[in-house]
Amino acid sequence: MDESYRKLIDGNRRYALEKRYDDPEYFKKMSIGQTPEYLWIGCSDSRVPANEITGTQSGEVFVHRNIANLVIQTDFNALSVIAYAVDVLKVKHIIVCGHYGCGGVRAAMTSNTHGFVDNWLSNIKEVYNKHAAELDLIEDFDKRSDRLTELNVIEQVKNLSKSKVIQKAWRDRSLLVHGWVYGLNSGLIKDLNVMHEDKMDIEPVFRYNV
Ligand code: CO
């Protein structure tokens, strides 16, 4: 039997010990509740852990991750996370963070099948199709996938702005939606400077009377 899972339990023991050593009250404080200011929507990729790459601690970032950091209007999972983060936790910032070298993005650019996940990846194919005029001019596959990664983040920022829960929040308070891309080979985050903060940031047909 593969015992490699034990590494995680051992790691957890060390983690708990170290935290208690630094601050005996640490877990008591943690158990009181959370007041994160940020909602992170990132890729499930094991190399892009939200807290670790942003130097943030437990309790600071509410996190939703899925393959290729998509915000789909019929995804009850993502919409529930977003609604809870915005309405209840009252986060001040939502960050969609993609990453260069994203396997989901790259897979969506090919005609190969990858099983059930193809249904999910079809959303990225739509993004590609929308921006085909620009993307088809980039011959190099890696460069083209990097640009699609950026365009995908921009589209997901827009998808957030199209949701009623975000527009309702904008009516009452400040809420900034950011689009970032993380570089696996540099460890650095690039801000795409596509911030949305008002329903005027999206096309009229998507604006609700809220
Ligand atoms: Co990815």
# chains A, B, ... in the order shown; residues from 1 in each chain; ligands from 1
$ closest_atom_pairs --of "chain A" --to "ligand 1" --cutoff "10 Å" --atoms "only C-alpha atoms and all ligand atoms" --output "JSON lines"
{"residue": "A:Gly42", "atom": "CA", "partner": "ligand 1", "partner_atom_place_in_ligand_line": "1 (Co)", "distance": 8.0}
{"residue": "A:Cys43", "atom": "CA", "partner": "ligand 1", "partner_atom_place_in_ligand_line": "1 (Co)", "distance": 4.7}
{"residue": "A:Ser44", "atom": "CA", "partner": "ligand 1", "partner_atom_place_in_ligand_line": "1 (Co)", "distance": 6.3}
{"residue": "A:Asp45", "atom": "CA", "partner": "ligand 1", "partner_atom_place_in_ligand_line": "1 (Co)", "distance": 4.9}
{"residue": "A:Ser46", "atom": "CA", "partner": "ligand 1", "partner_atom_place_in_ligand_line": "1 (Co)", "distance": 8.6}
{"residue": "A:Arg47", "atom": "CA", "partner": "ligand 1", "partner_atom_place_in_ligand_line": "1 (Co)", "distance": 8.7}
{"residue": "A:Val48", "atom": "CA", "partner": "ligand 1", "partner_atom_place_in_ligand_line": "1 (Co)", "distance": 8.1}
{"residue": "A:Arg65", "atom": "CA", "partner": "ligand 1", "partner_atom_place_in_ligand_line": "1 (Co)", "distance": 9.6}
{"residue": "A:Asn66", "atom": "CA", "partner": "ligand 1", "partner_atom_place_in_ligand_line": "1 (Co)", "distance": 8.3}
{"residue": "A:Ile67", "atom": "CA", "partner": "ligand 1", "partner_atom_place_in_ligand_line": "1 (Co)", "distance": 5.9}
{"residue": "A:Ala68", "atom": "CA", "partner": "ligand 1", "partner_atom_place_in_ligand_line": "1 (Co)", "distance": 4.6}
{"residue": "A:Asn69", "atom": "CA", "partner": "ligand 1", "partner_atom_place_in_ligand_line": "1 (Co)", "distance": 7.2}
{"residue": "A:Cys97", "atom": "CA", "partner": "ligand 1", "partner_atom_place_in_ligand_line": "1 (Co)", "distance": 9.6}
{"residue": "A:Gly98", "atom": "CA", "partner": "ligand 1", "partner_atom_place_in_ligand_line": "1 (Co)", "distance": 6.7}
{"residue": "A:His99", "atom": "CA", "partner": "ligand 1", "partner_atom_place_in_ligand_line": "1 (Co)", "distance": 6.0}
{"residue": "A:Tyr100", "atom": "CA", "partner": "ligand 1", "partner_atom_place_in_ligand_line": "1 (Co)", "distance": 7.7}
{"residue": "A:Gly101", "atom": "CA", "partner": "ligand 1", "partner_atom_place_in_ligand_line": "1 (Co)", "distance": 7.0}
{"residue": "A:Cys102", "atom": "CA", "partner": "ligand 1", "partner_atom_place_in_ligand_line": "1 (Co)", "distance": 3.6}
{"residue": "A:Gly103", "atom": "CA", "partner": "ligand 1", "partner_atom_place_in_ligand_line": "1 (Co)", "distance": 5.2}
{"residue": "A:Gly104", "atom": "CA", "partner": "ligand 1", "partner_atom_place_in_ligand_line": "1 (Co)", "distance": 5.5}
{"residue": "A:Val105", "atom": "CA", "partner": "ligand 1", "partner_atom_place_in_ligand_line": "1 (Co)", "distance": 6.9}
{"residue": "A:Arg106", "atom": "CA", "partner": "ligand 1", "partner_atom_place_in_ligand_line": "1 (Co)", "distance": 8.9}
{"residue": "A:Thr149", "atom": "CA", "partner": "ligand 1", "partner_atom_place_in_ligand_line": "1 (Co)", "distance": 8.9}
{"residue": "A:Tyr182", "atom": "CA", "partner": "ligand 1", "partner_atom_place_in_ligand_line": "1 (Co)", "distance": 9.9}
$ residues_around --residues "Tyr208 (chain A)" --least-positions-apart "6" --cutoff "10 Å" --atoms "only C-alpha atoms" --output "PyMOL selection string"
chain A and resi 162-164+167-168+199
$ residues_around --residues "Met195 (chain A)" --least-positions-apart "2" --cutoff "10 Å" --atoms "only C-alpha atoms" --output "VMD selection string"
chain A and resid 94 to 95 154 157 to 158 176 to 180 191 to 193 197 to 198 201
$ write_last_selection --atoms "all heavy atoms" --output "tab-separated table (two decimals), in the first residue's frame"
chain	number	residue	atom	x	y	z
A	94	ILE	N	-12.00	41.21	-5.40
A	94	ILE	CA	-12.08	39.87	-5.99
A	94	ILE	C	-10.96	39.79	-7.02
A	94	ILE	O	-10.82	40.68	-7.86
A	94	ILE	CB	-13.43	39.59	-6.67
A	94	ILE	CG1	-14.58	39.77	-5.67
A	94	ILE	CG2	-13.44	38.18	-7.26
A	94	ILE	CD1	-15.95	39.51	-6.26
A	95	ILE	N	-10.18	38.75	-6.92
A	95	ILE	CA	-9.04	38.60	-7.83
A	95	ILE	C	-9.23	37.33	-8.65
A	95	ILE	O	-9.36	36.24	-8.09
A	95	ILE	CB	-7.73	38.49	-7.03
A	95	ILE	CG1	-7.46	39.81	-6.29
A	95	ILE	CG2	-6.58	38.14	-7.96
A	95	ILE	CD1	-6.96	39.62	-4.89
A	154	ILE	N	-9.29	38.09	-18.48
A	154	ILE	CA	-10.08	39.30	-18.76
A	154	ILE	C	-11.56	38.94	-18.95
A	154	ILE	O	-12.45	39.62	-18.44
A	154	ILE	CB	-9.51	40.03	-20.02
A	154	ILE	CG1	-8.12	40.59	-19.69
A	154	ILE	CG2	-10.46	41.13	-20.48
A	154	ILE	CD1	-7.32	41.02	-20.91
A	157	VAL	N	-13.12	38.17	-15.56
A	157	VAL	CA	-13.39	39.43	-14.84
A	157	VAL	C	-14.72	39.99	-15.33
A	157	VAL	O	-15.57	40.41	-14.55
A	157	VAL	CB	-12.24	40.46	-15.04
A	157	VAL	CG1	-12.66	41.85	-14.57
A	157	VAL	CG2	-11.00	39.99	-14.28
A	158	LYS	N	-14.91	39.96	-16.65
A	158	LYS	CA	-16.17	40.44	-17.22
A	158	LYS	C	-17.34	39.58	-16.76
A	158	LYS	O	-18.42	40.09	-16.44
A	158	LYS	CB	-16.11	40.40	-18.76
A	158	LYS	CG	-15.28	41.52	-19.37
A	158	LYS	CD	-15.38	41.47	-20.89
A	158	LYS	CE	-14.40	42.43	-21.52
A	158	LYS	NZ	-14.32	42.23	-22.98
A	176	LEU	N	-13.74	45.98	-5.80
A	176	LEU	CA	-12.86	46.00	-6.97
A	176	LEU	C	-12.60	44.59	-7.47
A	176	LEU	O	-12.27	43.69	-6.69
A	176	LEU	CB	-11.54	46.68	-6.61
A	176	LEU	CG	-11.65	48.10	-6.03
A	176	LEU	CD1	-10.27	48.66	-5.72
A	176	LEU	CD2	-12.40	49.01	-6.97
A	177	VAL	N	-12.78	44.41	-8.78
A	177	VAL	CA	-12.53	43.11	-9.41
A	177	VAL	C	-11.25	43.21	-10.25
A	177	VAL	O	-11.16	44.05	-11.14
A	177	VAL	CB	-13.72	42.67	-10.28
A	177	VAL	CG1	-13.47	41.30	-10.89
A	177	VAL	CG2	-15.02	42.68	-9.48
A	178	HIS	N	-10.29	42.37	-9.93
A	178	HIS	CA	-8.97	42.45	-10.57
A	178	HIS	C	-8.69	41.24	-11.46
A	178	HIS	O	-9.19	40.15	-11.19
A	178	HIS	CB	-7.87	42.49	-9.51
A	178	HIS	CG	-8.06	43.52	-8.44
A	178	HIS	ND1	-7.43	44.74	-8.47
A	178	HIS	CD2	-8.82	43.51	-7.31
A	178	HIS	CE1	-7.78	45.44	-7.39
A	178	HIS	NE2	-8.61	44.73	-6.67
A	179	GLY	N	-7.86	41.43	-12.47
A	179	GLY	CA	-7.41	40.34	-13.32
A	179	GLY	C	-5.89	40.24	-13.30
A	179	GLY	O	-5.20	41.18	-13.69
A	180	TRP	N	-5.40	39.12	-12.80
A	180	TRP	CA	-3.95	38.92	-12.66
A	180	TRP	C	-3.52	37.62	-13.34
A	180	TRP	O	-4.34	36.71	-13.54
A	180	TRP	CB	-3.55	38.80	-11.17
A	180	TRP	CG	-3.81	40.00	-10.32
A	180	TRP	CD1	-4.24	41.24	-10.71
A	180	TRP	CD2	-3.66	40.06	-8.88
A	180	TRP	NE1	-4.35	42.07	-9.61
A	180	TRP	CE2	-4.00	41.37	-8.48
A	180	TRP	CE3	-3.26	39.14	-7.91
A	180	TRP	CZ2	-3.96	41.78	-7.15
A	180	TRP	CZ3	-3.23	39.54	-6.58
A	180	TRP	CH2	-3.57	40.85	-6.21
A	191	ASP	N	-0.24	42.18	-12.97
A	191	ASP	CA	-1.57	42.79	-12.93
A	191	ASP	C	-1.92	43.20	-14.35
A	191	ASP	O	-1.20	43.97	-14.99
A	191	ASP	CB	-1.54	44.01	-12.00
A	191	ASP	CG	-2.92	44.59	-11.76
A	191	ASP	OD1	-3.85	44.29	-12.55
A	191	ASP	OD2	-3.08	45.33	-10.78
A	192	LEU	N	-3.00	42.67	-14.89
A	192	LEU	CA	-3.39	42.97	-16.26
A	192	LEU	C	-4.05	44.34	-16.39
A	192	LEU	O	-4.39	44.77	-17.49
A	192	LEU	CB	-4.32	41.88	-16.81
A	192	LEU	CG	-3.72	40.48	-16.92
A	192	LEU	CD1	-4.78	39.48	-17.39
A	192	LEU	CD2	-2.52	40.46	-17.87
A	193	ASN	N	-4.24	45.00	-15.24
A	193	ASN	CA	-4.85	46.35	-15.23
A	193	ASN	C	-6.19	46.39	-15.96
A	193	ASN	O	-6.41	47.22	-16.85
A	193	ASN	CB	-3.88	47.38	-15.82
A	193	ASN	CG	-2.65	47.55	-14.95
A	193	ASN	OD1	-2.76	47.68	-13.73
A	193	ASN	ND2	-1.47	47.50	-15.56
A	197	GLU	N	-15.06	48.16	-11.46
A	197	GLU	CA	-15.57	48.66	-10.18
A	197	GLU	C	-16.97	49.22	-10.29
A	197	GLU	O	-17.49	49.83	-9.36
A	197	GLU	CB	-14.62	49.73	-9.64
A	197	GLU	CG	-14.36	50.87	-10.60
A	197	GLU	CD	-13.30	51.83	-10.10
A	197	GLU	OE1	-13.12	51.93	-8.88
A	197	GLU	OE2	-12.65	52.48	-10.93
A	198	ASP	N	-17.60	49.00	-11.45
A	198	ASP	CA	-18.92	49.58	-11.69
A	198	ASP	C	-19.56	48.84	-12.86
A	198	ASP	O	-18.85	48.36	-13.74
A	198	ASP	CB	-18.73	51.07	-12.04
A	198	ASP	CG	-20.04	51.82	-12.09
A	198	ASP	OD1	-20.74	51.71	-13.11
A	198	ASP	OD2	-20.35	52.50	-11.11
A	201	ASP	N	-18.62	49.29	-16.48
A	201	ASP	CA	-17.42	48.68	-17.04
A	201	ASP	C	-17.74	47.52	-17.98
A	201	ASP	O	-16.84	46.95	-18.60
A	201	ASP	CB	-16.49	48.18	-15.91
A	201	ASP	CG	-15.88	49.34	-15.14
A	201	ASP	OD1	-15.72	50.42	-15.73
A	201	ASP	OD2	-15.56	49.17	-13.96
$ atom_distance --atom1 "CA of Ser122 (chain A)" --atom2 "CA of Ala107 (chain A)"
10.0 Å
$ select_by_dssp --residues "region 4-141 of chain A" --states "alpha helix (DSSP H)" --output "PyMOL selection string"
chain A and resi 6-22+26-30+50-54+76-83+103-108+117-130+132-135+141
$ residues_around --residues "Val127 (chain A)" --least-positions-apart "5" --cutoff "12 Å" --atoms "only C-alpha atoms" --output "compact mmCIF listing (two decimals) with N, CA and C atoms, in the first residue's frame"
# COMPACT_ATOMS: atom_id res chain seq x y z
N ALA A 68 -8.56 26.24 -14.74
CA ALA A 68 -8.42 27.44 -15.58
C ALA A 68 -9.23 28.64 -15.08
N LEU A 70 -12.28 29.68 -14.09
CA LEU A 70 -13.43 30.15 -14.86
C LEU A 70 -14.57 30.61 -13.96
N VAL A 105 -5.87 25.76 -20.25
CA VAL A 105 -5.88 26.68 -21.39
C VAL A 105 -5.22 26.02 -22.60
N ALA A 108 -7.33 23.32 -24.16
CA ALA A 108 -8.47 23.85 -24.91
C ALA A 108 -8.08 24.34 -26.30
N MET A 109 -6.79 24.58 -26.51
CA MET A 109 -6.32 25.07 -27.81
C MET A 109 -6.12 23.95 -28.82
N LEU A 121 -13.67 22.67 -20.50
CA LEU A 121 -12.71 23.40 -21.33
C LEU A 121 -13.36 24.07 -22.53
N SER A 122 -14.56 23.65 -22.88
CA SER A 122 -15.25 24.27 -24.03
C SER A 122 -15.47 25.76 -23.76
N ALA A 132 -10.10 35.04 -31.76
CA ALA A 132 -9.32 34.28 -32.76
C ALA A 132 -8.52 35.20 -33.69
N ALA A 133 -9.09 36.36 -34.02
CA ALA A 133 -8.41 37.27 -34.94
C ALA A 133 -7.03 37.65 -34.38
N GLU A 134 -6.98 37.91 -33.08
CA GLU A 134 -5.70 38.27 -32.45
C GLU A 134 -4.83 37.03 -32.24
N LEU A 135 -5.43 35.97 -31.72
CA LEU A 135 -4.65 34.79 -31.34
C LEU A 135 -4.03 34.06 -32.53
N SER A 145 -0.66 30.51 -26.13
CA SER A 145 -1.38 30.05 -24.94
C SER A 145 -1.23 31.06 -23.79
N ARG A 147 -1.06 34.30 -24.20
CA ARG A 147 -1.99 35.39 -24.50
C ARG A 147 -3.43 34.95 -24.23
N LEU A 148 -3.75 33.68 -24.57
CA LEU A 148 -5.10 33.19 -24.29
C LEU A 148 -5.33 33.14 -22.78
N THR A 149 -4.29 32.84 -22.02
CA THR A 149 -4.40 32.85 -20.56
C THR A 149 -4.80 34.25 -20.08
N GLU A 150 -4.18 35.27 -20.65
CA GLU A 150 -4.51 36.65 -20.27
C GLU A 150 -5.94 37.00 -20.70
N LEU A 151 -6.27 36.67 -21.94
CA LEU A 151 -7.62 36.98 -22.44
C LEU A 151 -8.69 36.24 -21.65
N ASN A 152 -8.36 35.01 -21.25
CA ASN A 152 -9.29 34.22 -20.44
C ASN A 152 -9.55 34.91 -19.10
N VAL A 153 -8.51 35.42 -18.46
CA VAL A 153 -8.68 36.13 -17.19
C VAL A 153 -9.57 37.36 -17.40
N ILE A 154 -9.29 38.09 -18.48
CA ILE A 154 -10.08 39.30 -18.76
C ILE A 154 -11.56 38.94 -18.95
N GLU A 155 -11.82 37.84 -19.65
CA GLU A 155 -13.21 37.41 -19.86
C GLU A 155 -13.87 36.99 -18.55
N GLN A 156 -13.08 36.39 -17.65
CA GLN A 156 -13.66 35.95 -16.37
C GLN A 156 -13.95 37.15 -15.46
N LYS A 158 -14.91 39.96 -16.65
CA LYS A 158 -16.17 40.44 -17.22
C LYS A 158 -17.34 39.58 -16.76
N ASN A 159 -17.13 38.26 -16.72
CA ASN A 159 -18.20 37.37 -16.27
C ASN A 159 -18.63 37.70 -14.84
$ closest_residue --among "A:Lys130, A:His93, A:Lys28, A:Lys190" --to "Glu60 (chain A)" --atoms "only C-alpha atoms"
A:His93
$ select_by_dssp --residues "region 143-201 of chain A" --states "strand (DSSP E or B)" --output "ChimeraX atom specification"
/A:176-182,189-191,196
$ atom_distance --atom1 "CA of Lys7 (chain A)" --atom2 "CA of Phe27 (chain A)"
21.8 Å
$ closest_residue --among "A:Thr35, A:Asn209, A:Ser174, A:Ser161" --to "His196 (chain A)" --atoms "only C-alpha atoms"
A:Ser161
$ residues_around --residues "Tyr84 (chain A)" --least-positions-apart "6" --cutoff "12 Å" --atoms "only C-alpha atoms" --output "ChimeraX atom specification"
/A:36,39,62-64,76-78,90-91,165-166,169
$ atom_distance --atom1 "CA of Ser58 (chain A)" --atom2 "CA of Gln73 (chain A)"
28.4 Å
